[in-house]
file my_file-v9.tsv (TSV, C-alpha atoms)
chain	number	residue	atom	x	y	z
A	65	MET	CA	38.26	53.03	22.86
A	66	SER	CA	35.57	53.23	20.20
A	67	ARG	CA	38.02	51.92	17.61
A	68	GLU	CA	38.79	49.02	19.91
A	69	ARG	CA	35.09	48.20	20.25
A	70	GLU	CA	34.64	48.50	16.51
A	71	LEU	CA	37.48	46.04	15.97
A	72	ILE	CA	35.96	43.62	18.47
A	73	ARG	CA	32.58	43.89	16.74
A	74	GLU	CA	34.16	43.30	13.34
A	75	LEU	CA	36.06	40.32	14.65
A	76	ARG	CA	32.88	38.89	16.15
A	77	GLN	CA	31.06	39.39	12.85
A	78	ASN	CA	33.73	37.43	11.02
A	79	GLU	CA	33.94	34.74	13.65
A	80	HIS	CA	33.55	31.18	12.37
A	81	ILE	CA	33.47	28.16	14.60
A	82	LEU	CA	34.97	25.02	13.10
A	83	GLN	CA	34.33	21.73	14.80
A	84	ILE	CA	36.51	18.82	13.83
A	85	VAL	CA	34.53	15.66	14.25
A	86	GLY	CA	35.92	12.15	14.02
A	87	VAL	CA	34.36	9.61	11.65
A	88	GLU	CA	33.04	7.52	14.55
A	89	GLU	CA	31.43	10.56	16.20
A	90	LEU	CA	29.92	11.55	12.86
A	91	TRP	CA	28.59	8.02	12.52
A	92	LEU	CA	27.02	8.17	15.99
A	93	GLU	CA	25.42	11.51	15.16
A	94	TRP	CA	24.06	10.07	11.92
A	95	GLU	CA	22.74	6.98	13.73
A	96	GLN	CA	20.62	9.25	15.94
A	97	LEU	CA	19.55	11.42	13.02
A	98	LYS	CA	18.80	8.34	10.91
A	99	GLY	CA	16.24	7.15	13.45
A	100	ILE	CA	14.43	10.50	13.39
A	101	THR	CA	14.63	10.76	9.59
A	102	LYS	CA	13.30	7.23	9.09
A	103	THR	CA	10.47	7.91	11.52
A	104	ALA	CA	9.62	11.06	9.55
A	105	VAL	CA	9.66	9.03	6.32
A	106	ASN	CA	7.42	6.40	7.94
A	107	TYR	CA	4.86	9.06	8.77
A	108	GLY	CA	5.18	10.56	5.27
A	109	ALA	CA	2.70	8.40	3.35
A	110	PRO	CA	-0.05	8.45	6.05
A	111	ILE	CA	0.39	12.23	6.43
A	112	MET	CA	0.04	12.66	2.65
A	113	ASP	CA	-3.13	10.56	2.74
A	114	ILE	CA	-4.50	12.52	5.68
A	115	HIS	CA	-3.75	15.74	3.77
A	116	THR	CA	-5.68	14.42	0.75
A	117	ALA	CA	-8.53	13.31	3.05
A	118	SER	CA	-8.66	16.79	4.59
A	119	ARG	CA	-8.79	18.32	1.10
A	120	LEU	CA	-11.66	15.98	0.28
A	121	ILE	CA	-13.50	17.02	3.42
A	122	SER	CA	-12.98	20.71	2.73
A	123	GLU	CA	-14.26	20.10	-0.81
A	124	PHE	CA	-17.35	18.06	0.03
A	125	GLY	CA	-17.99	18.95	3.65
A	126	VAL	CA	-18.65	16.28	6.23
A	127	HIS	CA	-21.91	15.07	4.71
A	128	SER	CA	-22.10	11.64	3.08
A	129	ASP	CA	-23.81	10.49	-0.11
A	130	ARG	CA	-21.81	12.76	-2.39
A	131	VAL	CA	-19.81	10.46	-4.67
A	132	MET	CA	-20.96	7.71	-7.01
A	133	ILE	CA	-19.05	5.66	-9.54
A	134	LYS	CA	-21.02	4.62	-12.62
A	135	GLN	CA	-20.26	3.22	-16.04
A	136	TYR	CA	-21.69	4.71	-19.22
A	137	ALA	CA	-20.82	3.41	-22.69
A	138	GLY	CA	-17.93	1.37	-21.31
A	139	LYS	CA	-16.36	4.35	-19.56
A	140	GLU	CA	-16.13	4.83	-15.82
A	141	TYR	CA	-17.46	8.12	-14.45
A	142	VAL	CA	-17.35	9.71	-11.03
A	143	ILE	CA	-20.62	11.49	-10.28
A	144	PHE	CA	-20.87	14.12	-7.59
A	145	ARG	CA	-24.11	14.91	-5.81
A	146	GLY	CA	-24.92	18.12	-4.03
A	147	ASN	CA	-24.46	21.74	-4.96
A	148	PRO	CA	-21.45	22.16	-7.35
A	149	ARG	CA	-21.16	25.84	-6.33
A	150	SER	CA	-20.14	24.80	-2.81
A	151	ARG	CA	-17.07	23.03	-4.22
A	152	ARG	CA	-13.82	24.76	-5.12
A	153	ILE	CA	-11.94	22.22	-7.26
A	154	LEU	CA	-14.49	19.77	-8.64
A	155	LYS	CA	-17.09	22.21	-9.91
A	156	GLY	CA	-18.73	19.82	-12.37
A	157	THR	CA	-21.22	17.07	-11.62
A	158	ARG	CA	-19.68	14.29	-13.71
A	159	TYR	CA	-16.01	13.51	-14.43
A	160	LEU	CA	-14.25	10.66	-16.16
A	161	ALA	CA	-12.49	8.43	-13.60
A	162	LYS	CA	-9.21	9.22	-15.42
A	163	ASN	CA	-9.62	12.99	-14.99
A	164	PRO	CA	-6.45	14.47	-13.43
A	165	LYS	CA	-8.48	16.51	-10.90
A	166	VAL	CA	-10.29	13.38	-9.74
A	167	ILE	CA	-7.03	11.41	-9.55
A	168	ARG	CA	-5.32	14.19	-7.59
A	169	MET	CA	-8.13	14.10	-5.03
A	170	ALA	CA	-7.78	10.26	-4.75
A	171	ILE	CA	-11.39	9.66	-5.77
A	172	GLY	CA	-12.42	6.52	-7.65
A	173	PRO	CA	-10.35	3.41	-8.42
A	174	LYS	CA	-7.77	5.28	-10.51
A	175	GLY	CA	-7.38	7.98	-7.89
A	176	ILE	CA	-6.88	5.49	-5.07
A	177	THR	CA	-4.33	3.49	-7.10
A	178	ALA	CA	-2.46	6.68	-8.08
A	179	SER	CA	-2.39	7.82	-4.44
A	180	ALA	CA	-1.00	4.44	-3.32
A	181	LYS	CA	1.61	4.50	-6.12
A	182	GLY	CA	2.71	7.99	-5.07
A	183	GLY	CA	3.00	6.93	-1.45
A	184	PHE	CA	4.99	3.83	-2.42
A	185	ALA	CA	7.38	5.81	-4.65
A	186	ILE	CA	8.10	8.50	-2.05
A	187	THR	CA	8.56	6.07	0.85
A	188	ALA	CA	10.74	3.72	-1.22
A	189	LEU	CA	12.89	6.55	-2.56
A	190	LEU	CA	13.49	8.20	0.80
A	191	SER	CA	13.99	4.98	2.71
A	192	CYS	CA	16.49	3.61	0.14
A	193	GLY	CA	18.24	7.01	0.04
A	194	ILE	CA	18.74	6.94	3.81
A	195	GLU	CA	20.14	3.39	3.70
A	196	ILE	CA	22.49	4.21	0.80
A	197	PHE	CA	23.78	7.33	2.55
A	198	SER	CA	24.28	5.29	5.71
A	199	TYR	CA	26.28	2.72	3.71
A	200	LEU	CA	28.40	5.40	2.05
A	201	ILE	CA	29.50	7.16	5.22
A	202	ARG	CA	30.40	4.07	7.22
A	203	ASP	CA	33.48	2.03	6.38
A	204	ALA	CA	32.30	-0.98	8.36
A	205	SER	CA	29.05	-1.30	6.36
A	206	THR	CA	28.97	-4.10	3.84
A	207	LEU	CA	27.20	-4.32	0.51
A	208	SER	CA	25.22	-7.31	1.74
A	209	GLN	CA	23.91	-5.20	4.65
A	210	LEU	CA	22.79	-2.48	2.26
A	211	LEU	CA	21.19	-4.92	-0.19
A	212	GLY	CA	19.49	-6.88	2.59
A	213	THR	CA	18.00	-3.80	4.23
A	214	VAL	CA	16.91	-2.20	0.96
A	215	THR	CA	15.32	-5.45	-0.30
A	216	SER	CA	13.47	-5.93	2.97
A	217	ASP	CA	12.30	-2.28	2.98
A	218	LEU	CA	11.05	-2.47	-0.61
A	219	ILE	CA	9.18	-5.73	0.05
A	220	LYS	CA	7.52	-4.25	3.13
A	221	ILE	CA	6.61	-0.96	1.40
A	222	GLY	CA	5.25	-2.89	-1.61
A	223	ILE	CA	3.07	-5.24	0.47
A	224	SER	CA	1.75	-2.33	2.56
A	225	ALA	CA	0.92	-0.31	-0.58
A	226	ILE	CA	-0.85	-3.27	-2.22
A	227	THR	CA	-2.92	-4.04	0.89
A	228	ALA	CA	-3.81	-0.37	1.37
A	229	THR	CA	-4.88	-0.08	-2.28
A	230	LEU	CA	-6.98	-3.24	-1.96
A	231	ALA	CA	-8.69	-1.83	1.13
A	232	GLY	CA	-9.29	1.52	-0.56
A	233	LEU	CA	-10.66	-0.10	-3.71
A	234	SER	CA	-12.94	-2.49	-1.82
A	235	VAL	CA	-14.34	0.27	0.42
A	236	GLY	CA	-14.74	2.48	-2.66
A	237	THR	CA	-16.82	-0.21	-4.38
A	238	VAL	CA	-19.06	-1.68	-1.66
A	239	ALA	CA	-22.65	-0.50	-1.26
A	240	ILE	CA	-23.56	2.53	0.92
A	241	VAL	CA	-20.02	3.09	2.25
A	242	SER	CA	-18.61	3.98	-1.18
A	243	SER	CA	-20.74	7.13	-1.23
A	244	VAL	CA	-18.74	8.64	1.64
A	245	ALA	CA	-16.00	10.60	-0.17
A	246	ALA	CA	-13.22	10.12	2.37
A	247	ALA	CA	-14.06	6.48	3.28
A	248	PRO	CA	-11.70	4.72	0.78
A	249	LEU	CA	-8.79	6.92	1.81
A	250	VAL	CA	-9.46	6.43	5.53
A	251	ALA	CA	-9.62	2.65	5.02
A	252	ALA	CA	-6.39	2.75	2.99
A	253	ILE	CA	-4.62	4.72	5.75
A	254	ALA	CA	-5.76	2.30	8.47
A	255	VAL	CA	-4.90	-0.86	6.54
A	256	GLY	CA	-1.58	0.53	5.27
A	257	VAL	CA	-0.43	1.51	8.77
A	258	ALA	CA	-1.55	-1.82	10.25
A	259	THR	CA	0.13	-3.86	7.51
A	260	GLY	CA	3.39	-1.96	7.94
A	261	LEU	CA	3.32	-2.52	11.70
A	262	MET	CA	2.65	-6.23	11.36
A	263	LEU	CA	5.32	-6.69	8.69
A	264	ASP	CA	7.87	-4.92	10.89
A	265	ARG	CA	6.88	-7.11	13.83
A	266	ILE	CA	7.19	-10.29	11.74
A	267	ASP	CA	10.55	-9.09	10.44
A	268	SER	CA	11.78	-8.34	13.95
A	269	ARG	CA	10.57	-11.67	15.36
A	270	MET	CA	11.68	-13.89	12.48
A	271	GLY	CA	14.80	-11.98	11.52
A	272	ALA	CA	13.88	-11.73	7.84
A	273	THR	CA	16.18	-8.76	7.17
A	274	LYS	CA	19.04	-10.48	9.01
A	275	GLY	CA	18.39	-13.61	6.94
A	276	LEU	CA	18.46	-11.57	3.74
A	277	ILE	CA	21.73	-9.91	4.76
A	278	GLN	CA	23.25	-13.34	5.48
A	279	ALA	CA	21.94	-14.72	2.18
A	280	TYR	CA	23.46	-11.80	0.27
A	281	GLY	CA	26.69	-12.33	2.20
A	282	LYS	CA	26.72	-16.02	1.24
A	283	THR	CA	25.98	-15.17	-2.40
A	284	GLY	CA	28.84	-12.70	-2.32
A	285	SER	CA	31.25	-15.26	-0.88
A	286	THR	CA	30.05	-17.88	-3.39
A	287	LEU	CA	30.69	-15.44	-6.23
A	288	ALA	CA	34.13	-14.70	-4.76
A	289	ASN	CA	34.83	-18.46	-4.62
A	290	ILE	CA	33.76	-18.91	-8.24
A	291	LYS	CA	35.99	-15.98	-9.25
A	292	ASN	CA	38.95	-17.45	-7.34
A	293	GLN	CA	38.39	-20.88	-8.85
A	294	ALA	CA	38.19	-19.42	-12.36
A	295	GLN	CA	41.39	-17.44	-11.70
A	296	ARG	CA	43.14	-20.59	-10.46
A	297	SER	CA	42.03	-22.49	-13.57
A	298	LEU	CA	43.28	-19.67	-15.84
A	299	ASN	CA	46.63	-19.61	-14.01
A	300	HIS	CA	46.85	-23.36	-14.36
A	301	LEU	CA	46.19	-23.04	-18.10
A	302	GLU	CA	48.82	-20.34	-18.38
A	303	ARG	CA	51.34	-22.60	-16.75
A	304	ASN	CA	50.22	-25.61	-18.84
A	305	PRO	CA	49.21	-24.24	-22.27
A	306	TYR	CA	49.15	-27.74	-23.80
A	307	MET	CA	45.90	-28.25	-21.82
A	308	ILE	CA	43.98	-25.44	-23.61
A	309	PRO	CA	42.52	-27.85	-26.25
A	310	CYS	CA	41.07	-29.81	-23.32
A	311	LEU	CA	38.61	-26.89	-22.83
A	312	PHE	CA	36.99	-27.62	-26.17
A	313	GLY	CA	36.96	-31.41	-26.34
A	314	PRO	CA	37.67	-34.66	-24.51
A	315	CYS	CA	41.24	-35.04	-23.30
A	316	TYR	CA	43.17	-37.98	-21.98
A	317	GLY	CA	43.30	-38.00	-18.17
A	318	ILE	CA	40.88	-35.03	-17.79
A	319	ARG	CA	37.41	-35.64	-16.41
A	320	GLY	CA	34.33	-33.45	-16.42
A	321	TYR	CA	34.21	-32.22	-20.03
B	295	MET	CA	-13.35	-4.30	-8.83
B	296	LYS	CA	-16.58	-6.33	-8.86
B	297	PRO	CA	-19.01	-5.45	-6.04
B	298	THR	CA	-19.16	-9.07	-4.78
B	299	LEU	CA	-15.36	-9.32	-4.65
B	300	ALA	CA	-15.15	-5.89	-2.99
B	301	GLN	CA	-17.69	-6.95	-0.36
B	302	GLY	CA	-15.64	-10.13	0.24
B	303	PHE	CA	-12.46	-8.13	0.79
B	304	PHE	CA	-14.35	-5.65	2.97
B	305	ILE	CA	-15.58	-8.47	5.24
B	306	LEU	CA	-12.08	-10.01	5.23
B	307	PHE	CA	-10.51	-6.73	6.39
B	308	ASN	CA	-13.18	-6.38	9.07
B	309	VAL	CA	-12.44	-9.88	10.38
B	310	ALA	CA	-8.67	-9.25	10.24
B	311	ALA	CA	-9.21	-6.10	12.28
B	312	ILE	CA	-10.42	-8.15	15.30
B	313	PRO	CA	-7.05	-9.71	16.28
B	314	LEU	CA	-5.14	-6.60	15.21
B	315	VAL	CA	-7.15	-4.22	17.39
B	316	ALA	CA	-7.01	-6.76	20.22
B	317	LEU	CA	-3.21	-6.82	19.89
B	318	GLY	CA	-3.07	-3.04	19.92
B	319	LEU	CA	-5.06	-2.94	23.16
B	320	TYR	CA	-3.44	-5.98	24.78
B	321	GLU	CA	0.19	-4.80	24.47
B	322	PRO	CA	-0.09	-1.78	26.82
B	323	LEU	CA	-1.85	-3.94	29.44
B	324	GLN	CA	0.94	-6.50	29.17
B	325	VAL	CA	3.57	-3.78	29.61
B	326	ILE	CA	1.80	-2.40	32.71
B	327	ALA	CA	1.58	-5.92	34.18
B	328	ALA	CA	5.30	-6.49	33.48
B	329	THR	CA	6.16	-3.14	35.14
B	330	ARG	CA	4.12	-4.06	38.23
B	331	ALA	CA	5.90	-7.41	38.40
B	332	GLY	CA	9.24	-5.58	38.11
B	333	ASP	CA	10.34	-7.52	35.02
B	334	SER	CA	13.43	-6.41	33.14
B	335	PRO	CA	13.95	-6.07	30.21
B	336	ILE	CA	10.51	-5.10	28.87
B	337	PRO	CA	10.19	-4.94	25.08
B	338	VAL	CA	7.87	-2.14	23.95
B	339	ASP	CA	6.79	-1.29	20.44
B	340	ASN	CA	5.43	2.22	20.73
B	341	GLY	CA	3.83	2.04	17.29
B	342	ILE	CA	1.74	-1.08	17.89
B	343	HIS	CA	-1.03	0.98	19.51
B	344	TYR	CA	-1.79	2.41	16.07
B	345	LEU	CA	-3.27	-0.99	15.19
B	346	ILE	CA	-6.49	0.29	16.74
B	347	LEU	CA	-6.85	2.39	13.56
B	348	MET	CA	-8.18	-0.80	11.96
B	349	SER	CA	-11.36	-0.30	13.98
B	350	VAL	CA	-12.43	2.36	11.45
B	351	LEU	CA	-13.40	-0.59	9.25
B	352	TRP	CA	-15.96	-1.62	11.89
B	353	VAL	CA	-17.43	1.87	11.74
B	354	LEU	CA	-17.70	1.54	7.97
B	355	PHE	CA	-19.31	-1.87	8.37
B	356	GLY	CA	-21.75	-0.44	10.89
B	357	LEU	CA	-22.62	2.37	8.47
B	358	GLN	CA	-23.20	-0.16	5.71
B	359	ILE	CA	-25.53	-2.25	7.87
B	360	ALA	CA	-27.43	0.88	8.96
B	361	GLY	CA	-27.75	1.96	5.32
B	362	LEU	CA	-28.95	-1.45	4.19
B	363	LYS	CA	-31.56	-1.48	6.98
B	364	GLY	CA	-33.07	1.65	5.52
B	365	LYS	CA	-31.51	4.17	7.87
B	366	THR	CA	-29.94	6.03	4.98
B	367	ASN	CA	-30.81	9.41	6.43
B	368	ILE	CA	-28.74	8.71	9.53
B	369	VAL	CA	-25.85	7.43	7.40
B	370	ARG	CA	-26.07	10.48	5.15
B	371	ARG	CA	-26.17	12.88	8.06
B	372	TRP	CA	-23.73	11.27	10.46
B	373	GLY	CA	-21.62	8.88	8.33
B	374	SER	CA	-18.63	11.11	7.58
B	375	LYS	CA	-18.70	12.78	10.99
B	376	VAL	CA	-18.66	9.46	12.85
B	377	LEU	CA	-15.94	8.03	10.58
B	378	LEU	CA	-13.61	11.01	10.86
B	379	GLY	CA	-14.28	11.43	14.55
B	380	TRP	CA	-13.45	7.77	15.14
B	381	LEU	CA	-10.24	8.04	13.08
B	382	LEU	CA	-9.06	11.10	14.99
B	383	ALA	CA	-10.00	9.48	18.31
B	384	CYS	CA	-7.97	6.38	17.40
B	385	VAL	CA	-4.90	8.45	16.43
B	386	LEU	CA	-5.23	10.44	19.66
B	387	ILE	CA	-5.66	7.33	21.83
B	388	ALA	CA	-2.67	5.59	20.17
B	389	THR	CA	-0.42	8.64	20.57
B	390	LEU	CA	-1.46	9.22	24.18
B	391	THR	CA	-1.00	5.52	25.00
B	392	SER	CA	2.50	5.62	23.56
B	393	ILE	CA	3.43	8.74	25.55
B	394	GLY	CA	1.69	7.43	28.68
B	395	LEU	CA	3.50	4.09	28.58
B	396	HIS	CA	6.88	5.78	28.16
B	397	THR	CA	6.14	8.07	31.13
B	398	HIS	CA	4.91	5.12	33.20
B	399	LEU	CA	8.06	3.09	32.47
B	400	THR	CA	10.40	6.04	33.05
B	401	ARG	CA	8.75	6.79	36.39
B	402	ALA	CA	9.13	3.14	37.36
B	403	GLY	CA	12.88	3.53	36.84
B	404	TYR	CA	13.22	1.96	33.41
B	405	GLN	CA	15.45	3.27	30.65
B	406	ALA	CA	14.58	3.05	26.95
B	407	CYS	CA	17.22	1.27	24.87
B	408	PRO	CA	17.20	0.49	21.12
B	409	ASP	CA	16.11	-2.99	20.09
B	410	PRO	CA	19.11	-4.76	18.52
B	411	SER	CA	16.90	-7.34	16.78
B	412	GLU	CA	15.35	-4.63	14.65
B	413	GLN	CA	17.36	-4.16	11.46
B	414	SER	CA	15.02	-1.86	9.58
B	415	ARG	CA	11.66	-0.32	10.38
B	416	LEU	CA	9.22	1.38	8.08
B	417	SER	CA	6.08	1.63	10.15
B	418	VAL	CA	5.19	4.30	12.70
B	419	GLY	CA	6.90	4.25	16.10
B	420	ASN	CA	10.00	2.53	17.41
B	421	SER	CA	10.81	-0.83	18.88
B	422	LEU	CA	12.47	-0.28	22.26
B	423	ILE	CA	13.65	-2.40	25.15
B	424	TYR	CA	13.25	-0.93	28.62
B	425	HIS	CA	15.96	-1.92	31.11
B	426	LYS	CA	15.95	-1.35	34.86
B	427	GLN	CA	19.59	-0.33	34.81
B	428	SER	CA	21.53	1.35	32.02
B	429	CYS	CA	21.39	0.07	28.46
B	430	PRO	CA	23.63	-2.96	27.76
B	431	ALA	CA	26.69	-2.12	25.66
call {"tool": "encode", "arguments": {"input": "my_file-v9.tsv", "output": "structure tokens"}}
result
Amino acid sequence: MSRERELIRELRQNEHILQIVGVEELWLEWEQLKGITKTAVNYGAPIMDIHTASRLISEFGVHSDRVMIKQYAGKEYVIFRGNPRSRRILKGTRYLAKNPKVIRMAIGPKGITASAKGGFAITALLSCGIEIFSYLIRDASTLSQLLGTVTSDLIKIGISAITATLAGLSVGTVAIVSSVAAAPLVAAIAVGVATGLMLDRIDSRMGATKGLIQAYGKTGSTLANIKNQAQRSLNHLERNPYMIPCLFGPCYGIRGY
Amino acid sequence: MKPTLAQGFFILFNVAAIPLVALGLYEPLQVIAATRAGDSPIPVDNGIHYLILMSVLWVLFGLQIAGLKGKTNIVRRWGSKVLLGWLLACVLIATLTSIGLHTHLTRAGYQACPDPSEQSRLSVGNSLIYHKQSCPA
């Protein structure tokens, strides 16, 4: 009896369940997963910014008037007010704007630009990766669909990143407000999210992505036509080799040299 | 960036925030009105409420005005707290509005279906179409 139980336990331990899924079912599963993944990617850049903002708050506390940007001898410096001992990362009182620590904390113009660049790169990479994977696993997907979607995504991500950077830089430069350490990042988050939403709405209403897909499709068919025409001309020349000199100079009865 | 140019952009973003925040607040009201009227289908973008995040720029503008009027102590003491509190409140309001609208529509007998006009989306939320009956094939 015990041997029987042991055998059953061993069999259960080595049990593997194999599920055979059809391509269409796999596609449907991926369609659902794609939505969730893309949503996660969409939240990625704002979450990263919020994380940086929280680091800034933990570094400086919630009091304002802590950061100033000044130029000395043609170089831009970030000056921190308050007790340096209360800070964990930026323990000095004055840093060059290019300092890696300052950039990592998204402080100053360079820091804000670097933060926006990072957000753009990550969102673009993940979003394009998802679209490419989607194209690879589905037979019915066309290259024009992939190119149209990727182009539209990159344009939208680019515009959002530029607007967010502009907002961050302007808030980081204006009087009074620029002294609040987290203000440029908060402004960049708000403007970036709003720009993305509006661009998506415009795209949905005007069908920009659909238009791009159609345009790529037309370009593809035009290229195919040109290829066919060239092939026809080559075949014609093969059949009528006496016409080859007509390619290089005027020929009797041939127009369009 | 030059301070004058920065101030110009700052004002521009503040002005742009007016219609955007209004849109973020108007959409849920429109959806509720459509539900009461029994309309079908009802298009809902559950990310559009996050447009109210743009109102943080008004807080910043308010802080700037307070600072320029000599109330620097108040700005120094309360600036960051007000800004972060407002940001968190906006995120919370937008999320709760999104959840609340979905619950409201589901209780009214609507079913969320994907929006076929949306080819690709990069911003937060989803574009959905709520139908009274089942989703069209």
call {"tool": "interface_residues", "arguments": {"input": "my_file-v9.tsv", "of": "chain B", "to": "chain A", "cutoff": "9 Å", "atoms": "all atoms listed in the file", "output": "ChimeraX atom specification"}}
result
/B:295-304,307,311,314,339,341-342,344-351,354-355,357-359,361-362,366,369-375,377-378,381,411-421
call {"tool": "closest_residue", "arguments": {"input": "my_file-v9.tsv", "among": "A:Gln83, A:Thr206, A:Asn163, A:Ser122", "to": "Ser150 (chain A)", "atoms": "all atoms listed in the file"}}
result
A:Ser122
call {"tool": "atom_distance", "arguments": {"input": "my_file-v9.tsv", "atom1": "CA of Met307 (chain A)", "atom2": "CA of Ala294 (chain A)"}}
result
15.1 Å
call {"tool": "closest_residue", "arguments": {"input": "my_file-v9.tsv", "among": "A:Ser66, A:Ser198, A:Gln77, A:Ser208", "to": "Leu92 (chain A)", "atoms": "all atoms listed in the file"}}
result
A:Ser198
call {"tool": "residues_around", "arguments": {"input": "my_file-v9.tsv", "residues": "Gln427 (chain B)", "least_positions_apart": "5", "cutoff": "9 Å", "atoms": "only C-alpha atoms", "output": "VMD selection string"}}
result
chain B and resid 334 403 to 405
call {"tool": "atom_distance", "arguments": {"input": "my_file-v9.tsv", "atom1": "CA of Val353 (chain B)", "atom2": "CA of Ala316 (chain B)"}}
result
16.0 Å
call {"tool": "atom_distance", "arguments": {"input": "my_file-v9.tsv", "atom1": "CA of Thr391 (chain B)", "atom2": "CA of His343 (chain B)"}}
result
7.1 Å
call {"tool": "closest_residue", "arguments": {"input": "my_file-v9.tsv", "among": "B:Pro322, B:Pro337, B:Val376, B:Ala388", "to": "Pro410 (chain B)", "atoms": "only C-alpha atoms"}}
result
B:Pro337
call {"tool": "closest_residue", "arguments": {"input": "my_file-v9.tsv", "among": "A:Leu200, A:Cys315, A:Ala161, A:Leu301", "to": "Met132 (chain A)", "atoms": "all atoms listed in the file"}}
result
A:Ala161
call {"tool": "residues_around", "arguments": {"input": "my_file-v9.tsv", "residues": "Tyr159 (chain A)", "least_positions_apart": "5", "cutoff": "10 Å", "atoms": "all atoms listed in the file", "output": "compact mmCIF listing (two decimals) with C-alpha atoms, in the frame of the given file"}}
result
# COMPACT_ATOMS: atom_id res chain seq x y z
CA ILE A 133 -19.05 5.66 -9.54
CA GLU A 140 -16.13 4.83 -15.82
CA TYR A 141 -17.46 8.12 -14.45
CA VAL A 142 -17.35 9.71 -11.03
CA ILE A 143 -20.62 11.49 -10.28
CA PHE A 144 -20.87 14.12 -7.59
CA LEU A 154 -14.49 19.77 -8.64
CA PRO A 164 -6.45 14.47 -13.43
CA LYS A 165 -8.48 16.51 -10.90
CA VAL A 166 -10.29 13.38 -9.74
call {"tool": "residues_around", "arguments": {"input": "my_file-v9.tsv", "residues": "Thr389 (chain B)", "least_positions_apart": "3", "cutoff": "9 Å", "atoms": "all atoms listed in the file", "output": "JSON, numbers by chain"}}
result
{"B": [340, 341, 343, 344, 384, 385, 386, 392, 393, 394]}
call {"tool": "write_last_selection", "arguments": {"input": "my_file-v9.tsv", "atoms": "C-alpha atoms", "output": "compact mmCIF listing (two decimals), in the coordinates of the input"}}
result
# COMPACT_ATOMS: atom_id res chain seq x y z
CA ASN B 340 5.43 2.22 20.73
CA GLY B 341 3.83 2.04 17.29
CA HIS B 343 -1.03 0.98 19.51
CA TYR B 344 -1.79 2.41 16.07
CA CYS B 384 -7.97 6.38 17.40
CA VAL B 385 -4.90 8.45 16.43
CA LEU B 386 -5.23 10.44 19.66
CA SER B 392 2.50 5.62 23.56
CA ILE B 393 3.43 8.74 25.55
CA GLY B 394 1.69 7.43 28.68
call {"tool": "decode", "arguments": {"input": "my_file-v9.tsv", "residues": "region 190-202 of chain A", "atoms": "C-alpha atoms", "output": "PDB file, in the first residue's frame"}}
result
ATOM      1  CA  LEU A 190       9.091  48.981 -25.050  1.00  0.00           C
ATOM      2  CA  SER A 191       6.249  50.249 -27.202  1.00  0.00           C
ATOM      3  CA  CYS A 192       8.074  49.382 -30.470  1.00  0.00           C
ATOM      4  CA  GLY A 193       9.071  45.999 -29.008  1.00  0.00           C
ATOM      5  CA  ILE A 194       5.438  45.167 -28.263  1.00  0.00           C
ATOM      6  CA  GLU A 195       4.340  46.157 -31.777  1.00  0.00           C
ATOM      7  CA  ILE A 196       7.156  44.167 -33.421  1.00  0.00           C
ATOM      8  CA  PHE A 197       6.354  41.073 -31.355  1.00  0.00           C
ATOM      9  CA  SER A 198       2.691  41.487 -32.254  1.00  0.00           C
ATOM     10  CA  TYR A 199       3.650  41.659 -35.948  1.00  0.00           C
ATOM     11  CA  LEU A 200       5.876  38.587 -35.704  1.00  0.00           C
ATOM     12  CA  ILE A 201       3.320  36.283 -34.126  1.00  0.00           C
ATOM     13  CA  ARG A 202       0.409  37.135 -36.395  1.00  0.00           C
TER      14      ARG A 202
END
